[in-house]
Amino acid sequence: VRDIAAAAEIQVPSDTDMIYLLGYRQPGGRGGYRAVRVASRPVAGPCFRTSDRFVPMGGSNIALGGWWRCVEPVLHPQMVGAVAYPGAILRDAVDSAAAFQVTLEGVMQAGMGHIHVPAGMYAIGAPITLPVAKWGVTVNGDGFSVAGNARYNNADASGATTLVWTGKAGDTMITARGNLGVTLSGLTLVGQRDADAFRAGTLLTIGNSPASGAGQMLLQGISLSDAHIGIRYGESPGDPSGDNIAHVKVIVTNCDIAFKFETQQNVGLHFAQLN
């Protein structure tokens, strides 16, 4: 199938249970994955609907039929509309926050999986939340760059995966709540597009959930810059943020506060650099 728009207009034969959605015909175009026919709209993750109303095994359902779900073992935000810019993020850049959220919810819903964020610069105009997950979820970019985030939105960060905040002043870019066994790696988080743009309040908050805080998390190869707070543990004074949060090669640059602890927890730092 050519793309999402084409998929919405075609009728796929009832005996076809898997198709490939090409996508990427324009910036923000969705697709690039295999999909299987499902009985109703998926709860989360990349999906689309064709004009037929068939369901698996050849039946039909006017209300629920025609839905397809991505079955790729590795998801990436471009599948649902994220745009990776090769250079600096400009004022009219496409906001990729919603695409990141959909991708995260898709893999977290499965309870385990892998998200790959290809190299490039992504405009993040709204807060992103990592939904509650069990063991084995990995979100990794193609590498972090200190030069690329040393001062605002530097286009020299070639080969790095960089998320640049373009949202409201003082908001948090990424919040992780109740995540167990989650790894974030190879990412650069920049809290300000340029000197005249709004600045993020916090780049990464490791917060709590109704049951417990995040725990058994690994941050590896992460660079954070140009925000009020780099990493915040707990969402308000006294909040738990879990324990056993390991940091390997975490670099914080141009932040007023590198690490803010709202309560005591077991946090391991290995090669944490503050500038």
# chains A, B, ... in the order shown; residues from 1 in each chain; ligands from 1
>>> closest_atom_pairs(of="region 52-89 of chain A", to="region 98-117 of chain A", cutoff="6 Å", atoms="only C-alpha atoms", output="JSON lines")
{"residue": "A:Val74", "atom": "CA", "partner": "A:His114", "partner_atom": "CA", "distance": 5.1}
{"residue": "A:Leu75", "atom": "CA", "partner": "A:Ile115", "partner_atom": "CA", "distance": 4.8}
{"residue": "A:His76", "atom": "CA", "partner": "A:His116", "partner_atom": "CA", "distance": 5.0}
{"residue": "A:Pro77", "atom": "CA", "partner": "A:Phe100", "partner_atom": "CA", "distance": 5.3}
{"residue": "A:Val80", "atom": "CA", "partner": "A:Ala99", "partner_atom": "CA", "distance": 5.3}
{"residue": "A:Gly81", "atom": "CA", "partner": "A:Ala99", "partner_atom": "CA", "distance": 5.7}
{"residue": "A:Ala82", "atom": "CA", "partner": "A:Ala99", "partner_atom": "CA", "distance": 5.4}
>>> select_by_dssp(residues="region 11-240 of chain A", states="alpha helix (DSSP H)", output="list of chain:residue names")
A:Ala97, A:Ala98, A:Ala99, A:Phe100, A:Gln101, A:Val102, A:Thr103, A:Leu104, A:Glu105, A:Gly106, A:Val107, A:Met108, A:Gln109, A:Ala110
>>> write_last_selection(atoms="N, CA, C and O atoms", output="PDB file, in the first residue's frame")
ATOM      1  N   ALA A  97       6.174  15.482  18.889  1.00  0.00           N
ATOM      2  CA  ALA A  97       5.846  14.973  20.224  1.00  0.00           C
ATOM      3  C   ALA A  97       4.759  13.898  20.178  1.00  0.00           C
ATOM      4  O   ALA A  97       4.873  12.852  20.825  1.00  0.00           O
ATOM      5  N   ALA A  98       3.693  14.142  19.431  1.00  0.00           N
ATOM      6  CA  ALA A  98       2.595  13.177  19.376  1.00  0.00           C
ATOM      7  C   ALA A  98       3.050  11.857  18.778  1.00  0.00           C
ATOM      8  O   ALA A  98       2.633  10.779  19.226  1.00  0.00           O
ATOM      9  N   ALA A  99       3.914  11.918  17.768  1.00  0.00           N
ATOM     10  CA  ALA A  99       4.423  10.692  17.154  1.00  0.00           C
ATOM     11  C   ALA A  99       5.253   9.887  18.145  1.00  0.00           C
ATOM     12  O   ALA A  99       5.153   8.659  18.210  1.00  0.00           O
ATOM     13  N   PHE A 100       6.076  10.567  18.938  1.00  0.00           N
ATOM     14  CA  PHE A 100       6.848   9.874  19.967  1.00  0.00           C
ATOM     15  C   PHE A 100       5.915   9.228  20.989  1.00  0.00           C
ATOM     16  O   PHE A 100       6.134   8.092  21.416  1.00  0.00           O
ATOM     17  N   GLN A 101       4.854   9.940  21.371  1.00  0.00           N
ATOM     18  CA  GLN A 101       3.940   9.407  22.377  1.00  0.00           C
ATOM     19  C   GLN A 101       3.241   8.155  21.875  1.00  0.00           C
ATOM     20  O   GLN A 101       3.128   7.159  22.595  1.00  0.00           O
ATOM     21  N   VAL A 102       2.760   8.175  20.643  1.00  0.00           N
ATOM     22  CA  VAL A 102       2.090   7.011  20.068  1.00  0.00           C
ATOM     23  C   VAL A 102       3.037   5.826  19.997  1.00  0.00           C
ATOM     24  O   VAL A 102       2.668   4.680  20.310  1.00  0.00           O
ATOM     25  N   THR A 103       4.277   6.073  19.576  1.00  0.00           N
ATOM     26  CA  THR A 103       5.256   4.996  19.472  1.00  0.00           C
ATOM     27  C   THR A 103       5.555   4.394  20.835  1.00  0.00           C
ATOM     28  O   THR A 103       5.605   3.168  21.003  1.00  0.00           O
ATOM     29  N   LEU A 104       5.744   5.242  21.835  1.00  0.00           N
ATOM     30  CA  LEU A 104       6.004   4.759  23.190  1.00  0.00           C
ATOM     31  C   LEU A 104       4.838   3.935  23.722  1.00  0.00           C
ATOM     32  O   LEU A 104       5.028   2.860  24.300  1.00  0.00           O
ATOM     33  N   GLU A 105       3.632   4.418  23.518  1.00  0.00           N
ATOM     34  CA  GLU A 105       2.467   3.700  24.017  1.00  0.00           C
ATOM     35  C   GLU A 105       2.311   2.346  23.331  1.00  0.00           C
ATOM     36  O   GLU A 105       1.871   1.369  23.943  1.00  0.00           O
ATOM     37  N   GLY A 106       2.706   2.283  22.052  1.00  0.00           N
ATOM     38  CA  GLY A 106       2.616   1.025  21.331  1.00  0.00           C
ATOM     39  C   GLY A 106       3.513  -0.045  21.912  1.00  0.00           C
ATOM     40  O   GLY A 106       3.093  -1.176  22.155  1.00  0.00           O
ATOM     41  N   VAL A 107       4.773   0.303  22.168  1.00  0.00           N
ATOM     42  CA  VAL A 107       5.709  -0.699  22.677  1.00  0.00           C
ATOM     43  C   VAL A 107       5.471  -0.961  24.159  1.00  0.00           C
ATOM     44  O   VAL A 107       5.621  -2.083  24.642  1.00  0.00           O
ATOM     45  N   MET A 108       5.070   0.067  24.921  1.00  0.00           N
ATOM     46  CA  MET A 108       4.806  -0.139  26.337  1.00  0.00           C
ATOM     47  C   MET A 108       3.572  -1.024  26.538  1.00  0.00           C
ATOM     48  O   MET A 108       3.490  -1.800  27.480  1.00  0.00           O
ATOM     49  N   GLN A 109       2.590  -0.900  25.653  1.00  0.00           N
ATOM     50  CA  GLN A 109       1.380  -1.704  25.755  1.00  0.00           C
ATOM     51  C   GLN A 109       1.717  -3.182  25.657  1.00  0.00           C
ATOM     52  O   GLN A 109       1.103  -4.020  26.324  1.00  0.00           O
ATOM     53  N   ALA A 110       2.710  -3.502  24.825  1.00  0.00           N
ATOM     54  CA  ALA A 110       3.123  -4.892  24.675  1.00  0.00           C
ATOM     55  C   ALA A 110       3.895  -5.394  25.883  1.00  0.00           C
ATOM     56  O   ALA A 110       4.079  -6.594  26.060  1.00  0.00           O
TER      57      ALA A 110
END
>>> select_by_dssp(residues="region 162-200 of chain A", states="strand (DSSP E)", output="ChimeraX atom specification")
/A:162-165,172-177,182-190
>>> write_last_selection(atoms="C-alpha atoms", output="compact mmCIF listing (two decimals), in the first residue's frame")
# COMPACT_ATOMS: atom_id res chain seq x y z
CA THR A 162 18.61 15.05 19.17
CA LEU A 163 15.27 16.05 20.67
CA VAL A 164 14.86 19.85 20.77
CA TRP A 165 12.23 21.47 23.00
CA THR A 172 9.04 18.98 31.20
CA MET A 173 10.17 17.29 27.99
CA ILE A 174 10.05 13.63 29.14
CA THR A 175 8.49 12.08 32.24
CA ALA A 176 8.93 8.42 33.21
CA ARG A 177 6.47 7.05 35.79
CA VAL A 182 13.50 0.59 30.88
CA THR A 183 16.67 1.69 29.07
CA LEU A 184 17.14 5.09 27.44
CA SER A 185 20.33 5.40 25.41
CA GLY A 186 22.04 7.34 22.64
CA LEU A 187 19.96 10.50 22.98
CA THR A 188 20.63 14.23 23.14
CA LEU A 189 17.97 16.37 24.86
CA VAL A 190 18.10 20.12 24.22
>>> closest_residue(among="A:Cys70, A:Val250, A:Ala169, A:Ile124", to="Ala93 (chain A)", atoms="only C-alpha atoms")
A:Ile124
>>> closest_residue(among="A:Gly167, A:Gly66, A:Pro237, A:Gly230", to="Phe259 (chain A)", atoms="only C-alpha atoms")
A:Gly230
>>> residues_around(residues="Gly191 (chain A)", least_positions_apart="5", cutoff="10 Å", atoms="only C-alpha atoms", output="MDAnalysis selection string")
chainID A and resid 124 149 152:153 163:167 169:173 197:203 224:230 254:255
>>> residues_around(residues="Trp68 (chain A)", least_positions_apart="6", cutoff="7 Å", atoms="only C-alpha atoms", output="PyMOL selection string")
chain A and resi 35-38+47-49
>>> atom_distance(atom1="CA of Ser40 (chain A)", atom2="CA of Gly59 (chain A)")
12.3 Å
>>> residues_around(residues="Gly31 (chain A)", least_positions_apart="5", cutoff="6 Å", atoms="only C-alpha atoms", output="VMD selection string")
chain A and resid 21 to 23 79
>>> residues_around(residues="Arg34 (chain A)", least_positions_apart="3", cutoff="6 Å", atoms="only C-alpha atoms", output="PyMOL selection string")
chain A and resi 19-20+70-71
>>> write_last_selection(atoms="N, CA, C and O atoms", output="mmCIF file, in the first residue's frame")
data_model
loop_
_atom_site.group_PDB
_atom_site.id
_atom_site.type_symbol
_atom_site.label_atom_id
_atom_site.label_comp_id
_atom_site.auth_asym_id
_atom_site.auth_seq_id
_atom_site.Cartn_x
_atom_site.Cartn_y
_atom_site.Cartn_z
ATOM 1 N N ILE A 19 -0.234 -6.774 5.059
ATOM 2 C CA ILE A 19 0.168 -5.875 3.981
ATOM 3 C C ILE A 19 1.349 -5.036 4.453
ATOM 4 O O ILE A 19 1.659 -4.982 5.646
ATOM 5 N N TYR A 20 2.011 -4.383 3.504
ATOM 6 C CA TYR A 20 3.129 -3.495 3.845
ATOM 7 C C TYR A 20 2.758 -2.072 3.453
ATOM 8 O O TYR A 20 2.367 -1.809 2.316
ATOM 9 N N CYS A 70 0.557 -2.547 13.275
ATOM 10 C CA CYS A 70 1.971 -2.743 12.978
ATOM 11 C C CYS A 70 2.512 -3.948 13.746
ATOM 12 O O CYS A 70 2.232 -4.109 14.939
ATOM 13 N N VAL A 71 3.313 -4.778 13.067
ATOM 14 C CA VAL A 71 3.894 -5.957 13.716
ATOM 15 C C VAL A 71 5.415 -5.972 13.619
ATOM 16 O O VAL A 71 6.044 -7.009 13.788
#
>>> closest_residue(among="A:Gln220, A:Ile206, A:Gly234, A:Trp67", to="Val43 (chain A)", atoms="only C-alpha atoms")
A:Trp67
>>> atom_distance(atom1="CA of Lys249 (chain A)", atom2="CA of Ala195 (chain A)")
26.8 Å
>>> closest_residue(among="A:Leu90, A:Met18, A:Leu204, A:Leu218", to="Val252 (chain A)", atoms="only C-alpha atoms")
A:Leu204
>>> atom_distance(atom1="CA of Arg193 (chain A)", atom2="CA of Ala123 (chain A)")
8.7 Å
>>> closest_residue(among="A:Ser96, A:Ser145, A:Thr50, A:Thr205", to="Ile222 (chain A)", atoms="only C-alpha atoms")
A:Ser145
